file model_0.csv (CSV, C-alpha atoms and all ligand atoms)
chain,number,residue,atom,x,y,z
A,1,MET,CA,-12.7,16.4,-4.5
A,2,LYS,CA,-11.1,15.7,-1.1
A,3,THR,CA,-7.4,15.1,-1.0
A,4,MET,CA,-6.5,11.9,0.9
A,5,LEU,CA,-2.7,11.9,0.5
A,6,GLU,CA,-0.6,15.0,-0.1
A,7,VAL,CA,3.1,14.7,-0.6
A,8,LYS,CA,5.1,18.0,-0.9
A,9,GLY,CA,8.8,18.6,-1.5
A,10,LEU,CA,9.7,15.3,-0.1
A,11,THR,CA,13.5,14.7,-0.1
A,12,LYS,CA,15.4,11.8,1.5
A,13,LYS,CA,19.1,11.8,1.7
A,14,VAL,CA,21.2,9.0,3.2
A,15,GLN,CA,24.9,9.4,3.6
A,16,GLY,CA,25.2,12.0,0.9
A,17,ARG,CA,23.0,10.0,-1.6
A,18,THR,CA,19.6,11.5,-2.6
A,19,LEU,CA,17.1,8.7,-2.6
A,20,LEU,CA,14.1,11.0,-3.1
A,21,ARG,CA,14.2,14.5,-4.5
A,22,GLU,CA,11.4,16.9,-4.0
A,23,VAL,CA,8.7,14.4,-4.6
A,24,GLY,CA,5.3,15.9,-4.8
A,25,PHE,CA,1.9,14.5,-5.7
A,26,ALA,CA,-1.6,14.2,-4.4
A,27,VAL,CA,-4.1,11.3,-4.3
A,28,HIS,CA,-7.8,12.2,-4.1
A,29,SER,CA,-10.1,10.5,-1.7
A,30,GLY,CA,-11.6,7.3,-3.2
A,31,GLU,CA,-8.9,6.9,-5.9
A,32,ILE,CA,-6.7,3.9,-6.6
A,33,CYS,CA,-3.3,5.4,-7.6
A,34,GLY,CA,-0.4,3.4,-9.0
A,35,LEU,CA,3.2,4.1,-8.0
A,36,LEU,CA,5.5,3.0,-10.8
A,37,GLY,CA,9.2,3.2,-11.5
A,38,PRO,CA,12.1,1.0,-12.4
A,39,ASN,CA,14.1,-1.0,-9.8
A,40,GLY,CA,15.8,1.4,-7.4
A,41,ALA,CA,13.6,4.3,-8.4
A,42,GLY,CA,12.7,4.9,-4.8
A,43,LYS,CA,9.2,3.5,-4.5
A,44,THR,CA,9.8,1.4,-1.3
A,45,THR,CA,11.7,4.3,0.2
A,46,LEU,CA,8.8,6.7,-0.5
A,47,ILE,CA,6.3,4.3,1.0
A,48,ARG,CA,8.5,3.8,4.1
A,49,VAL,CA,8.7,7.6,4.5
A,50,MET,CA,4.9,7.9,4.0
A,51,THR,CA,4.1,5.3,6.6
A,52,GLY,CA,6.4,7.0,9.1
A,53,LEU,CA,9.0,4.2,9.2
A,54,ILE,CA,11.8,6.6,8.2
A,55,ARG,CA,12.0,10.3,8.5
A,56,PRO,CA,12.3,12.6,5.4
A,57,THR,CA,15.2,15.0,5.1
A,58,ALA,CA,12.8,17.7,3.9
A,59,GLY,CA,9.1,18.0,2.9
A,60,SER,CA,5.8,16.8,4.2
A,61,ILE,CA,3.2,14.1,3.9
A,62,ARG,CA,-0.4,14.7,4.9
A,63,VAL,CA,-3.0,12.0,5.3
A,64,ALA,CA,-6.5,13.4,5.2
A,65,GLY,CA,-4.9,16.7,6.2
A,66,VAL,CA,-2.8,15.3,9.1
A,67,GLU,CA,1.0,15.6,8.9
A,68,VAL,CA,2.6,12.2,9.3
A,69,HIS,CA,5.9,13.4,10.9
A,70,ARG,CA,4.2,16.0,13.1
A,71,GLU,CA,1.1,14.1,14.4
A,72,ARG,CA,2.3,10.6,13.8
A,73,SER,CA,-0.2,8.5,15.7
A,74,ARG,CA,-3.2,10.6,14.5
A,75,ALA,CA,-2.0,10.3,10.9
A,76,LEU,CA,-1.1,6.6,11.1
A,77,ARG,CA,-4.6,5.8,12.5
A,78,LYS,CA,-6.0,6.8,9.1
A,79,MET,CA,-3.5,4.6,7.2
A,80,GLY,CA,-3.0,0.9,6.7
A,81,ALA,CA,0.0,-0.6,4.8
A,82,ILE,CA,1.9,-3.5,3.6
A,83,VAL,CA,5.5,-2.6,3.2
A,84,GLU,CA,7.6,-5.3,1.5
A,85,ASN,CA,6.4,-8.7,2.8
A,86,PRO,CA,4.1,-8.6,5.7
A,87,VAL,CA,5.7,-10.3,8.7
A,88,PHE,CA,3.7,-12.7,10.7
A,89,PHE,CA,4.6,-15.4,13.3
A,90,PRO,CA,4.6,-18.6,11.3
A,91,TYR,CA,3.9,-20.8,14.3
A,92,MET,CA,0.8,-18.9,15.2
A,93,SER,CA,-2.6,-19.1,13.5
A,94,GLY,CA,-3.8,-16.3,11.1
A,95,ARG,CA,-6.4,-15.3,13.7
A,96,ASP,CA,-3.9,-15.2,16.6
A,97,ASN,CA,-1.5,-13.1,14.5
A,98,LEU,CA,-4.3,-10.6,13.8
A,99,ILE,CA,-5.3,-10.5,17.5
A,100,ASN,CA,-1.7,-9.9,18.5
A,101,LEU,CA,-1.3,-7.0,16.0
A,102,ALA,CA,-4.7,-5.6,17.1
A,103,LEU,CA,-3.6,-5.6,20.7
A,104,LEU,CA,-0.6,-3.4,19.7
A,105,ASP,CA,-2.9,-0.8,18.0
A,106,PRO,CA,-3.8,1.9,20.6
A,107,GLY,CA,-6.6,3.1,18.3
A,108,LEU,CA,-8.6,-0.2,18.7
A,109,PRO,CA,-10.7,-0.6,21.9
A,110,LYS,CA,-9.8,-3.9,23.6
A,111,ASN,CA,-13.4,-5.0,23.7
A,112,LYS,CA,-13.7,-4.6,19.9
A,113,ILE,CA,-10.7,-6.6,18.9
A,114,SER,CA,-12.3,-10.0,18.6
A,115,SER,CA,-15.2,-8.8,16.5
A,116,ARG,CA,-12.9,-6.6,14.3
A,117,VAL,CA,-10.6,-9.6,13.7
A,118,GLU,CA,-13.5,-11.8,12.6
A,119,GLU,CA,-14.8,-9.0,10.3
A,120,VAL,CA,-11.4,-8.5,8.5
A,121,LEU,CA,-10.9,-12.3,8.2
A,122,LYS,CA,-14.3,-12.4,6.5
A,123,VAL,CA,-13.4,-9.5,4.2
A,124,VAL,CA,-10.2,-11.2,2.9
A,125,ASP,CA,-11.9,-14.6,2.8
A,126,LEU,CA,-9.7,-16.4,5.3
A,127,VAL,CA,-12.3,-17.5,7.8
A,128,GLY,CA,-12.0,-21.1,6.8
A,129,ARG,CA,-8.2,-21.1,7.4
A,130,ALA,CA,-8.1,-18.7,10.3
A,131,ASP,CA,-7.1,-21.5,12.8
A,132,ASP,CA,-4.2,-22.8,10.7
A,133,LYS,CA,-0.7,-21.7,11.3
A,134,VAL,CA,0.5,-18.9,9.0
A,135,GLY,CA,3.5,-21.1,8.2
A,136,THR,CA,1.2,-23.3,6.2
A,137,TYR,CA,-0.4,-20.5,4.2
A,138,SER,CA,0.3,-19.9,0.5
A,139,LEU,CA,1.8,-16.6,-0.6
A,140,GLY,CA,-1.6,-15.4,-1.7
A,141,MET,CA,-3.1,-16.2,1.6
A,142,LYS,CA,-0.2,-14.4,3.4
A,143,GLN,CA,-0.8,-11.3,1.2
A,144,ARG,CA,-4.5,-11.4,2.1
A,145,LEU,CA,-3.7,-11.7,5.7
A,146,GLY,CA,-1.4,-8.7,5.2
A,147,ILE,CA,-4.4,-6.7,3.9
A,148,ALA,CA,-6.5,-8.0,6.8
A,149,GLN,CA,-3.9,-6.5,9.2
A,150,ALA,CA,-3.9,-3.3,7.2
A,151,LEU,CA,-7.7,-3.1,7.6
A,152,LEU,CA,-7.8,-3.7,11.4
A,153,GLY,CA,-7.8,0.0,12.4
A,154,HIS,CA,-10.5,1.1,9.8
A,155,PRO,CA,-8.1,3.0,7.6
A,156,GLU,CA,-9.2,5.6,5.1
A,157,VAL,CA,-6.2,4.9,2.9
A,158,ILE,CA,-4.0,1.8,2.3
A,159,LEU,CA,-0.5,1.8,0.9
A,160,LEU,CA,0.7,-1.4,-0.7
A,161,ASP,CA,4.3,-2.1,-1.8
A,162,GLU,CA,4.3,-4.7,-4.6
A,163,PRO,CA,1.4,-6.6,-3.2
A,164,ALA,CA,1.1,-9.0,-6.1
A,165,ASN,CA,4.7,-10.1,-6.1
A,166,GLY,CA,4.9,-13.9,-6.7
A,167,LEU,CA,1.2,-14.5,-6.8
A,168,ASP,CA,-0.3,-16.9,-9.3
A,169,PRO,CA,-3.1,-15.7,-11.7
A,170,ILE,CA,-5.8,-16.8,-9.2
A,171,GLY,CA,-4.1,-15.1,-6.3
A,172,MET,CA,-3.6,-12.1,-8.4
A,173,ARG,CA,-7.3,-12.0,-9.3
A,174,GLN,CA,-8.4,-12.5,-5.7
A,175,LEU,CA,-6.1,-9.6,-4.7
A,176,ARG,CA,-7.4,-7.3,-7.5
A,177,GLU,CA,-11.0,-8.1,-6.6
A,178,LEU,CA,-10.4,-7.5,-2.9
A,179,ILE,CA,-8.8,-4.1,-3.6
A,180,LEU,CA,-11.7,-3.1,-6.0
A,181,LYS,CA,-14.3,-4.3,-3.4
A,182,LEU,CA,-12.7,-2.3,-0.6
A,183,ASN,CA,-12.5,0.7,-2.8
A,184,ARG,CA,-16.0,0.5,-4.0
A,185,GLU,CA,-17.8,-0.6,-0.9
A,186,GLU,CA,-15.8,1.1,1.9
A,187,GLY,CA,-14.4,4.0,-0.2
A,188,ILE,CA,-10.9,3.1,0.8
A,189,THR,CA,-8.2,5.0,-1.1
A,190,PHE,CA,-5.2,3.1,-2.3
A,191,LEU,CA,-1.6,3.8,-3.3
A,192,ILE,CA,-0.1,0.7,-4.9
A,193,SER,CA,3.5,0.2,-6.1
A,194,SER,CA,4.0,-2.6,-8.7
A,195,HIS,CA,5.9,-3.7,-11.7
A,196,LEU,CA,2.9,-5.7,-13.0
A,197,LEU,CA,1.7,-3.1,-15.4
A,198,ASP,CA,-1.3,-5.1,-16.7
A,199,GLU,CA,-2.6,-5.2,-13.2
A,200,ILE,CA,-1.9,-1.5,-12.6
A,201,GLN,CA,-3.6,-0.6,-15.9
A,202,ARG,CA,-6.7,-2.6,-14.9
A,203,ILE,CA,-7.2,-1.0,-11.5
A,204,CYS,CA,-5.5,2.4,-11.3
A,205,LYS,CA,-7.2,5.5,-12.5
A,206,ARG,CA,-4.1,7.6,-11.8
A,207,LEU,CA,-0.4,7.1,-11.8
A,208,VAL,CA,2.7,8.5,-10.3
A,209,VAL,CA,6.0,7.5,-12.0
A,210,LEU,CA,9.3,7.8,-10.2
A,211,LYS,CA,12.8,7.6,-11.7
A,212,ASP,CA,16.1,8.2,-9.8
A,213,GLY,CA,14.1,9.4,-6.8
A,214,ALA,CA,12.1,12.0,-8.7
A,215,VAL,CA,8.6,12.2,-10.1
A,216,ILE,CA,8.9,12.1,-13.9
A,217,TRP,CA,5.2,11.7,-14.7
A,218,GLN,CA,1.8,11.9,-13.1
A,219,GLY,CA,-1.7,11.9,-14.4
A,220,GLU,CA,-4.5,9.7,-15.6
A,221,THR,CA,-3.5,6.2,-16.6
A,222,GLY,CA,-5.2,6.6,-20.0
A,223,GLU,CA,-3.2,9.7,-20.7
A,224,LEU,CA,0.1,7.8,-20.4
A,225,SER,CA,-1.0,4.6,-22.2
A,226,GLY,CA,-3.1,6.1,-24.9
A,227,SER,CA,-4.2,3.2,-27.1
A,228,ARG,CA,-1.1,1.2,-26.2
A,229,ASP,CA,-0.4,-1.2,-23.4
A,230,LEU,CA,0.8,0.6,-20.3
A,231,GLU,CA,4.0,-1.5,-20.5
A,232,GLU,CA,4.9,0.0,-23.8
A,233,ALA,CA,4.3,3.5,-22.7
A,234,PHE,CA,6.1,3.0,-19.5
A,235,VAL,CA,9.2,1.6,-21.1
A,236,GLU,CA,9.3,4.5,-23.5
A,237,LEU,CA,8.8,7.0,-20.7
A,238,VAL,CA,11.6,5.6,-18.4
A,239,SER,CA,14.1,5.0,-21.1
A,240,GLY,CA,13.6,8.5,-22.5
B,301,LIG,N1,19.0,2.7,3.9
B,301,LIG,C1,19.5,3.0,2.7
B,301,LIG,N2,20.8,3.5,2.6
B,301,LIG,C2,21.3,3.7,1.4
B,301,LIG,N3,20.7,3.5,0.2
B,301,LIG,C3,19.4,3.0,0.3
B,301,LIG,C4,18.8,2.7,1.5
B,301,LIG,N4,17.5,2.3,1.3
B,301,LIG,C5,17.4,2.3,-0.1
B,301,LIG,N5,18.5,2.8,-0.7
B,301,LIG,C6,18.8,3.0,-2.1
B,301,LIG,O1,17.7,3.8,-2.6
B,301,LIG,C7,17.4,3.5,-3.9
B,301,LIG,C8,15.9,3.3,-4.0
B,301,LIG,O2,15.6,2.1,-3.4
B,301,LIG,P1,14.1,1.5,-3.3
B,301,LIG,O3,14.1,0.2,-2.6
B,301,LIG,O4,13.3,2.6,-2.7
B,301,LIG,O5,13.7,1.4,-4.8
B,301,LIG,P2,12.4,0.7,-5.4
B,301,LIG,O6,11.8,1.7,-6.4
B,301,LIG,O7,11.5,0.2,-4.3
B,301,LIG,O8,13.0,-0.5,-6.2
B,301,LIG,P3,12.4,-2.0,-6.5
B,301,LIG,O9,11.5,-1.8,-7.7
B,301,LIG,O10,13.6,-2.8,-6.9
B,301,LIG,O11,11.7,-2.5,-5.3
B,301,LIG,C9,18.2,2.3,-4.3
B,301,LIG,O12,19.4,2.7,-5.0
B,301,LIG,C10,18.6,1.7,-3.0
B,301,LIG,O13,19.9,1.1,-3.1
B,302,MG,MG,10.8,-1.6,-3.8
call {"tool": "encode", "arguments": {"input": "model_0.csv", "output": "structure tokens"}}
result
Amino acid sequence: MKTMLEVKGLTKKVQGRTLLREVGFAVHSGEICGLLGPNGAGKTTLIRVMTGLIRPTAGSIRVAGVEVHRERSRALRKMGAIVENPVFFPYMSGRDNLINLALLDPGLPKNKISSRVEEVLKVVDLVGRADDKVGTYSLGMKQRLGIAQALLGHPEVILLDEPANGLDPIGMRQLRELILKLNREEGITFLISSHLLDEIQRICKRLVVLKDGAVIWQGETGELSGSRDLEEAFVELVSG
């Protein structure tokens, strides 16, 4: 099986504090992997290092074999992400926000932008609202626009930091179905951080669990949960 994400010996220190310590794991191509951990465990920090937003103190991240902090633009071209809440201009339409972001992407040929924007709008089911200002969008629509933005450059892998935060059950279902569809139909690999363990249990085959900046567990979801709810197994694991 091809490895899509490979994290090795990743350490991040800030002002004498160790936020990540020798984090290592791999995500195979075509997998949906959950990133779990209590508040402050280091999930957002890890995703920020993985997407090249901040530099690691030590260690490496490879995306389809390309090292993020050595061949940044080549690695980032293979990756899409939503880190924290996606930021859009509220006074611009969803479509214009995407066009704007696409123009900043050196990997997208200028003559392909308009057709790619229409494609991703269709994928996330926002065509009907594409002319409305983002300021008028619901949270679920903003999250879907975030995924549309992540899809613009035809990524092989998408990293999502708490994508379902604040969504109602319908928004959550739309997001889940979108992730599963992109995984199934386009073979996109996902790494998703979340505290919503029911959602994670439903869609993630594998899990990486962080605590105090270190990986304390990794493996198949069913191995951790057994016959229990993932929540129960998780609470036991992190309080142990
Ligand atoms: N720039 C920074 N300087 C110092 N400490 C930081 C910095 N960024 C994050 N931290 C600390 O690193 C730790 C991990 O934070 P992080 O946001 O990665 O956790 P998390 O797992 O995403 O938590 P949550 O589930 O609450 O989102 C926290 O103790 C946080 O205060
Ligand atoms: Mg976080």
call {"tool": "residues_near_ligand", "arguments": {"input": "model_0.csv", "ligand": "ligand MG 302 (chain B)", "cutoff": "7 Å", "atoms": "all atoms listed in the file", "output": "PyMOL selection string"}}
result
chain A and resi 39-40+42-44+161
call {"tool": "closest_residue", "arguments": {"input": "model_0.csv", "among": "A:Ser115, A:Ser73, A:Asn97, A:Ser194", "to": "ligand LIG 301 (chain B)", "atoms": "only C-alpha atoms and all ligand atoms"}}
result
A:Ser194
call {"tool": "residues_near_point", "arguments": {"input": "model_0.csv", "point": "(4.9, 4.1, 5.2)", "cutoff": "12 Å", "atoms": "all atoms listed in the file", "output": "VMD selection string"}}
result
chain A and resid 5 43 to 56 61 to 63 68 to 69 72 75 to 76 78 to 84 150 157 to 161 191 to 192
call {"tool": "axis_aligned_box", "arguments": {"input": "model_0.csv", "around": "ligand LIG 301 (chain B)", "padding_each_side": "6 Å", "output": "AutoDock Vina command-line options"}}
result
--center_x 16.4 --center_y 0.5 --center_z -1.9 --size_x 21.8 --size_y 18.6 --size_z 23.6
call {"tool": "residues_around", "arguments": {"input": "model_0.csv", "residues": "Cys33 (chain A)", "least_positions_apart": "3", "cutoff": "8 Å", "atoms": "only C-alpha atoms", "output": "short mmCIF file (atom, residue, chain, number, x, y, z; two decimals) with C-alpha atoms, keeping the file's coordinate frame"}}
result
data_model
loop_
_atom_site.label_atom_id
_atom_site.label_comp_id
_atom_site.auth_asym_id
_atom_site.auth_seq_id
_atom_site.Cartn_x
_atom_site.Cartn_y
_atom_site.Cartn_z
CA VAL A 27 -4.10 11.30 -4.30
CA PHE A 190 -5.20 3.10 -2.30
CA LEU A 191 -1.60 3.80 -3.30
CA ILE A 192 -0.10 0.70 -4.90
CA CYS A 204 -5.50 2.40 -11.30
CA LYS A 205 -7.20 5.50 -12.50
CA ARG A 206 -4.10 7.60 -11.80
CA LEU A 207 -0.40 7.10 -11.80
CA VAL A 208 2.70 8.50 -10.30
#
call {"tool": "atom_distance", "arguments": {"input": "model_0.csv", "atom1": "CA of Leu178 (chain A)", "atom2": "CA of Glu232 (chain A)"}}
result
27.0 Å
call {"tool": "atom_distance", "arguments": {"input": "model_0.csv", "atom1": "CA of Ala102 (chain A)", "atom2": "CA of Val120 (chain A)"}}
result
11.3 Å
